Each structure stands twice: as C-alpha cells, then as structure tokens.
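Q: Got a structure for you, questions after.
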Amino acid sequence: MSDIVLRGITKRFGDKVVLEDLNARFLKGQTSCIMGPSGCGKTTLLQLLMGFLTPDEGTITGVPKKKSAVFQEDRLCEPFTAVSNIKMVLGRTADTGRIRDHLRQLGLEEAALDKPVRDFSGGMKRRVSIARAVLFGGEVLFLDEPFKGLDAATREQAMDYVKRHTKGSTVLLITHDQQEARKMGGQLLAMAQRGEP
Amino acid sequence: MKNKLFWQRAGAVLFALVLWQFAAMALGQQLLLVTPVKVAGRLAELVRESAFWQTVGFSFWRIVAGFLLALIAGAVLGALSARVHAIEVLLWPFIVAVKSVPVASFIILSLIWLQASSLSVFISFLMVFPVVYFNTLQGMQATDRQLVEMAHLFKVPWRRRLLYIYLPQLQPFLLSACSVALGMSWKAGIAAEVIGIPSGSIGEQLYEAKVYLSTADLLSWTVVIVLVSVLFEKLFITLLKRAFAGLERL
C-alpha cells in the first residue's frame, strides 16, 4: 500500500466542470481532511477515489482494494437491525458481541441494537454507518461529513471513536467544520470553488 | 377496524345470498337459476363423495404447480432482465405475446402440443409468468442505487445482497404480483380444463353440468373453485409475508 496520488484530475458533468486539473497526495496511514465550500467538488473527489466515477482527465494511483466508507447518506438497509446491517458487510459469522460493543462505544443503547434501523433517529443511523465503516476495517476509510447531524457531545464521542479505531489507516475526511478537522488532525486539503483563489 | 370491515363484508355477502334466493324463487325456473339453498344442499352431497376430493385435488395440484413454476421462472428471469438489458430485450416479444394473445388460443394450441391432463399446468403458468416477471423487473429497477453502491464498495457477496437489499425491495412487488396472479391462475386453469376436458378435473365437472343442464352442479362447482382459490390465496400470501418477516429478523 502506498500514498494515494491524484495527477491532473478533471471531472465534468455535461458542460459543468466540477474538478479541474486537481493534483493531490494523501499520505498512507494518515488522516487527511478535505475542506471547502459546498459545490466545490469534495464529494465528487471522494466518488472518484471510491471508484464510482471515472475522471475525464488525469490519473489516480495508490487506492487500496479494501475500501470502507461513511457516505453522505446513511445507506442502511432500513428493515434490518443495527447489528444485522453491520453483519451484512462483515458476514453472518462476524462476532456479534464485538459489533454490539462498538455500537455501545458510539453511545447507542443496548435496547436499540435489536430494533430495525427504520425506527432510529438520524443521529442513531449516522452512528450505525460509522460503526459499519470502522468495523469493516478497510485499508482506506472515506468519511463524507460523517458527523453531520450529531449533537455536540455525540460528535465528540464519535470523533474519539473514529480516531481510536483507525490509527495507522489511511483516512480521508470531508468536513465543513474547522474544529472537526483540527480534532481529527493530519494534513489538510483546502478546495476552492472554480474561479476562486 | 379490521373486525368491523369483516362484519360489513359478511353482511354484504348475506344480503347478496338473500337477493339470489328471492330472485330464484321469483323466477321459478330451476334450469335458469337455482336457489342458494339448493346449491348448498348439492354441495353437501358432493363433499361426502371421495371422488369430489379427488377431483378438487386433481385441479388444485396442477393449477398450483403452474403458478409456482411461473413464480420461480418469472422472478428469476425478471431479476436477470433487470441486471442484463440484453435478456430483457430478448424476452420482450415472448412476454408481450403471452400477455396479448387470448387465453383460448393458447388453450387450443396447447391441446395440440400437450396431453389434456397437463393443460391447466401450462395455462396457469402462462397467465402468471408475465405478471411475476414484470413486477420483479419493476421491483429490481426501483432498487436504491445508493445501497447497491454501498454493497459494491464493501464487496458484499451476491447472496447477502439478495437477502438484505433485493428481497426487501421486491417484497411489495411480489406480494402484489402473487395476489393478482393467483386469481388469474385459477380462472385460466379451469377455463383450460373446460375446453380440454381432462378426465377427473373440475373443468370436466363443469362441462358435464353444462351438457346435462344441471345448474345446481354448475353453481356448486363454481362455489368450490371460488372457495379453494380464495383459501389458497390467503394461505400463500400469509406464508409469503411470514417468510419476508423472518428475513428481517436475520
């Protein structure tokens, strides 16, 4: 596994150029925070790195095969429980005790763990998707505004949880919040709207 | 609320029966319309005969076999068509033909191709297949793309994708398809038997009732068909709902 390197990346949707000649290097085993105003192409960049989009120009190298992510949306299977949602990615034989322990570390109450996630609040769903991404243990973890919608105390708890369990992994975090970026540490990539400095 | 609806419907059925009784009495022509009391009496005689149950069993297993085969084939091909566009395009003329050709034409064609005893299996299959196929295709196409992307990123194997993403998504589509198709399979299956007259079938009994102008027999067997089809539909839909509920407890 090596650094993730982007060289001359350009991405267009029709006539709209979202990313233009973007060059960046995300260091292996470190956390990188990507910041920038809405619409500057942060999520598009993550989608390119996850392999859901292909660049119109430029190359991306060094993205490991085993990827994990907290998407901007929760992307949970609503009829299933929190534990089942995590078992979906880990496999049916995954250690249930460990999954429950991780969910509790994120402040989810024991009684909630066996309820379908469709009955969960937005913040609870968010924490299930964070636990899913962390427990999957990818070589790279993409976090697209993972703490959005959490109250201050829960956000702190969730940030501590992610930091604790992703030491030594490559983490790419998209955030609008400078405090969040400071807390998560690592290098910072500031993106600007096209045409702005 | 559900209980109230049940009693309202029971009242409506009773009203219809009373109306039927008075209409038959006013007409006074047993050949044209027998009373529901007479039909009930004839039905009571029929159920005491072992041949009655053999006849019901003969038609039941064939129509249900056709339905189940169509359910499996429709679901599998519907799912494949949603994944591989070429399959959807290749199947399109067959599905459209099955949907638009009158069932009587298929029955007569089938009489040339098949034995009369297999007729209801094939006709029931033909009626159910397009309904299940289209509903499955629609359900698969309506699957949340973001969940599919998530499963792709986490490299979730296809079996787990099926259990967690596709089957819950297909649930309302399959339940609706089965509910519609079950009634169709009985109507078409019995129609095929009336034309093909396989020995020992309900269709043969209806045909004989027509030949001997026995309105009581005709209506008794009609009641049997309605009862068996409604009971089977309720049982099958309940089992299907339980299977889906069991899936969510995974």
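Naming scheme: A, B, ... for chains in displayed order of the structure tokens; residues 1 onward per chain; ligands 1 onward as shown.
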Please check the contacts: residues of chain B at most 10 Å away from chain A, using only C-alpha atoms, listed as a list in words.

A: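 Interface list for chain B against chain A: Asp144, Arg145, Gln146, Leu147, Val148, Glu149, Met150, Ala151, His152, Leu153, Phe154, Lys155, Val156, Pro157, Arg160, Arg161, Leu163, Tyr164, Ile165, Pro168, Gln169, Ala245, Leu247, Glu248, Arg249 and Leu250 of chain B.
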
Q: Would you mind writing down, as a ChimeraX atom specification, each residue of region 34-195 of chain A that DSSP on the backbone assigns to helix (DSSP H, G or I)?

A: /A:42-50,82-90,96-105,110-112,117-119,122-136,152-165,178-184

Q: From a DSSP calculation on the backbone, collect every residue of region 21-177 of chain A in strand (DSSP E) and output the set as a PyMOL selection string.

A: chain A and resi 21-26+31-35+57-61+67-70+140-144+170-175

Q: Between B:Leu137, B:Leu219, B:Ser201, B:Gln29, which residue has the minimum interatomic distance to His85 (chain B), considering only C-alpha atoms?

A: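 Counting only C-alpha atoms, the residue closest to His85 (chain B) is B:Leu137.
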
Q: Excluding Val64 (chain B) and any residue of its chain fewer than 3 positions from it, enumerate the residues within 12 Å of it, using only C-alpha atoms, and give them as an MDAnalysis selection string.

A: chainID B and resid 56:61 67:71 120:125 128 178 181:186 188:190 228:229 232:233 236

Q: For Leu119 (chain B), please output as a PyMOL selection string all residues within 8 Å (counting only C-alpha atoms; exclusion window: fewer than 6 positions along the same chain).

A: chain B and resi 107+110-111+189+192-193+196

Q: Take the selection from the previous step and output its residues with N, CA, C and O atoms, as a PDB file, in the first residue's frame.

A:
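See again_7.pdb below for the written result:
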ATOM      1  N   ILE B 107     -55.025 -22.189 -25.192  1.00  0.00           N
ATOM      2  CA  ILE B 107     -55.586 -23.467 -24.732  1.00  0.00           C
ATOM      3  C   ILE B 107     -55.700 -24.436 -25.916  1.00  0.00           C
ATOM      4  O   ILE B 107     -55.303 -25.590 -25.834  1.00  0.00           O
ATOM      5  N   SER B 110     -52.313 -25.537 -27.012  1.00  0.00           N
ATOM      6  CA  SER B 110     -51.753 -26.463 -26.033  1.00  0.00           C
ATOM      7  C   SER B 110     -52.378 -27.848 -26.163  1.00  0.00           C
ATOM      8  O   SER B 110     -51.736 -28.854 -25.881  1.00  0.00           O
ATOM      9  N   LEU B 111     -53.637 -27.869 -26.580  1.00  0.00           N
ATOM     10  CA  LEU B 111     -54.292 -29.172 -26.770  1.00  0.00           C
ATOM     11  C   LEU B 111     -53.599 -29.978 -27.868  1.00  0.00           C
ATOM     12  O   LEU B 111     -53.568 -31.198 -27.826  1.00  0.00           O
ATOM     13  N   GLY B 189     -56.846 -21.635 -15.512  1.00  0.00           N
ATOM     14  CA  GLY B 189     -56.641 -23.090 -15.382  1.00  0.00           C
ATOM     15  C   GLY B 189     -57.950 -23.838 -15.544  1.00  0.00           C
ATOM     16  O   GLY B 189     -58.026 -24.853 -16.258  1.00  0.00           O
ATOM     17  N   ALA B 192     -59.188 -23.726 -19.094  1.00  0.00           N
ATOM     18  CA  ALA B 192     -58.445 -24.695 -19.915  1.00  0.00           C
ATOM     19  C   ALA B 192     -59.026 -26.096 -19.726  1.00  0.00           C
ATOM     20  O   ALA B 192     -59.171 -26.854 -20.700  1.00  0.00           O
ATOM     21  N   GLU B 193     -59.388 -26.417 -18.502  1.00  0.00           N
ATOM     22  CA  GLU B 193     -59.956 -27.753 -18.245  1.00  0.00           C
ATOM     23  C   GLU B 193     -61.327 -27.911 -18.899  1.00  0.00           C
ATOM     24  O   GLU B 193     -61.663 -28.986 -19.389  1.00  0.00           O
ATOM     25  N   GLY B 196     -60.390 -28.453 -22.563  1.00  0.00           N
ATOM     26  CA  GLY B 196     -59.624 -29.694 -22.799  1.00  0.00           C
ATOM     27  C   GLY B 196     -60.298 -30.927 -22.225  1.00  0.00           C
ATOM     28  O   GLY B 196     -59.991 -32.047 -22.653  1.00  0.00           O
TER      29      GLY B 196
END

Q: Closest to Glu139 (chain A) among A:Ala82, A:Val171, A:Cys40, A:Met191, using only C-alpha atoms?

A: A:Val171

Q: Please provide the set of residues having any atom within 10 Å of Leu106 (chain A), restricted to only C-alpha atoms, with same-chain residues fewer than 2 positions apart removed, written as an NGL selection string.

A: :A and (100-104 or 108-109 or 124 or 127-128 or 130-131 or 154-162)

Q: Using N, CA, C and O atoms, can you export the residues from the last selection as a CSV table (one decimal), in the first residue's frame?

A:
chain,number,residue,atom,x,y,z
A,100,ARG,N,-21.8,-5.3,18.9
A,100,ARG,CA,-22.6,-4.6,20.0
A,100,ARG,C,-21.8,-3.6,20.8
A,100,ARG,O,-22.1,-2.5,21.1
A,101,ASP,N,-20.5,-4.1,21.1
A,101,ASP,CA,-19.6,-3.3,21.9
A,101,ASP,C,-19.3,-2.0,21.2
A,101,ASP,O,-19.3,-0.9,21.7
A,102,HIS,N,-19.0,-2.1,19.9
A,102,HIS,CA,-18.7,-0.9,19.1
A,102,HIS,C,-19.9,0.1,19.0
A,102,HIS,O,-19.7,1.3,19.1
A,103,LEU,N,-21.1,-0.5,18.9
A,103,LEU,CA,-22.2,0.4,18.8
A,103,LEU,C,-22.5,1.1,20.1
A,103,LEU,O,-22.8,2.3,20.2
A,104,ARG,N,-22.2,0.4,21.2
A,104,ARG,CA,-22.3,1.0,22.6
A,104,ARG,C,-21.2,2.1,22.7
A,104,ARG,O,-21.5,3.1,23.3
A,108,LEU,N,-24.9,4.2,21.5
A,108,LEU,CA,-26.2,3.6,21.2
A,108,LEU,C,-26.6,2.7,22.4
A,108,LEU,O,-25.8,1.9,22.9
A,109,GLU,N,-27.8,2.8,22.8
A,109,GLU,CA,-28.3,2.0,24.0
A,109,GLU,C,-28.5,0.5,23.6
A,109,GLU,O,-29.0,0.3,22.5
A,124,MET,N,-28.8,8.4,15.3
A,124,MET,CA,-28.5,7.0,15.6
A,124,MET,C,-28.1,6.2,14.3
A,124,MET,O,-27.2,5.4,14.3
A,127,ARG,N,-24.6,6.9,13.4
A,127,ARG,CA,-23.6,6.2,14.2
A,127,ARG,C,-23.5,4.7,13.8
A,127,ARG,O,-22.4,4.2,13.8
A,128,VAL,N,-24.6,4.2,13.3
A,128,VAL,CA,-24.5,2.8,12.8
A,128,VAL,C,-23.6,2.7,11.6
A,128,VAL,O,-22.8,1.9,11.4
A,130,ILE,N,-21.2,4.8,10.9
A,130,ILE,CA,-19.8,5.0,11.3
A,130,ILE,C,-19.2,3.6,11.8
A,130,ILE,O,-18.1,3.2,11.4
A,131,ALA,N,-20.0,3.0,12.7
A,131,ALA,CA,-19.5,1.7,13.2
A,131,ALA,C,-19.3,0.7,12.1
A,131,ALA,O,-18.3,-0.1,12.1
A,154,THR,N,-22.3,13.9,21.3
A,154,THR,CA,-22.2,12.7,20.5
A,154,THR,C,-21.2,12.8,19.4
A,154,THR,O,-20.5,11.9,19.1
A,155,ARG,N,-21.0,14.0,18.8
A,155,ARG,CA,-20.0,14.3,17.8
A,155,ARG,C,-18.6,14.0,18.4
A,155,ARG,O,-17.8,13.3,17.8
A,156,GLU,N,-18.4,14.6,19.6
A,156,GLU,CA,-17.1,14.4,20.3
A,156,GLU,C,-16.8,12.9,20.5
A,156,GLU,O,-15.7,12.4,20.2
A,157,GLN,N,-17.9,12.2,21.0
A,157,GLN,CA,-17.8,10.7,21.2
A,157,GLN,C,-17.4,10.0,19.9
A,157,GLN,O,-16.6,9.1,19.9
A,158,ALA,N,-18.1,10.4,18.8
A,158,ALA,CA,-17.9,9.7,17.5
A,158,ALA,C,-16.5,10.0,17.0
A,158,ALA,O,-15.9,9.1,16.4
A,159,MET,N,-16.1,11.2,17.1
A,159,MET,CA,-14.7,11.6,16.6
A,159,MET,C,-13.7,10.8,17.4
A,159,MET,O,-12.7,10.3,16.8
A,160,ASP,N,-13.8,10.7,18.7
A,160,ASP,CA,-12.9,9.9,19.5
A,160,ASP,C,-12.9,8.5,19.1
A,160,ASP,O,-11.8,7.9,19.0
A,161,TYR,N,-14.1,8.0,18.9
A,161,TYR,CA,-14.2,6.6,18.4
A,161,TYR,C,-13.5,6.3,17.1
A,161,TYR,O,-12.7,5.4,17.0
A,162,VAL,N,-13.7,7.2,16.1
A,162,VAL,CA,-13.0,7.0,14.8
A,162,VAL,C,-11.5,7.1,15.0
A,162,VAL,O,-10.8,6.3,14.5

Q: What's the 8 Å shell around Phe173 (chain B), counting only C-alpha atoms, without same-chain residues fewer than 4 positions away, as a ChimeraX atom specification?

A: /B:135-136,138-139,169,177

Q: Restricting the output to N, CA and C atoms, write the selected residues as a compact mmCIF listing (two decimals), in the first residue's frame.

A:
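Wrote it out as again19.txt, contents follow:
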# COMPACT_ATOMS: atom_id res chain seq x y z
N ASN B 135 -43.45 -7.52 -12.48
CA ASN B 135 -43.36 -6.97 -11.12
C ASN B 135 -41.94 -7.11 -10.58
N THR B 136 -41.30 -8.24 -10.84
CA THR B 136 -39.92 -8.44 -10.38
C THR B 136 -38.99 -7.45 -11.07
N GLN B 138 -39.73 -4.57 -12.36
CA GLN B 138 -40.02 -3.23 -11.84
C GLN B 138 -39.39 -3.05 -10.46
N GLY B 139 -39.55 -4.05 -9.62
CA GLY B 139 -39.01 -4.00 -8.26
C GLY B 139 -37.49 -3.89 -8.27
N GLN B 169 -36.68 -5.14 -1.04
CA GLN B 169 -37.15 -4.22 -2.07
C GLN B 169 -38.27 -4.86 -2.90
N ALA B 177 -47.96 -9.04 -7.06
CA ALA B 177 -47.99 -9.94 -8.22
C ALA B 177 -48.71 -11.24 -7.86
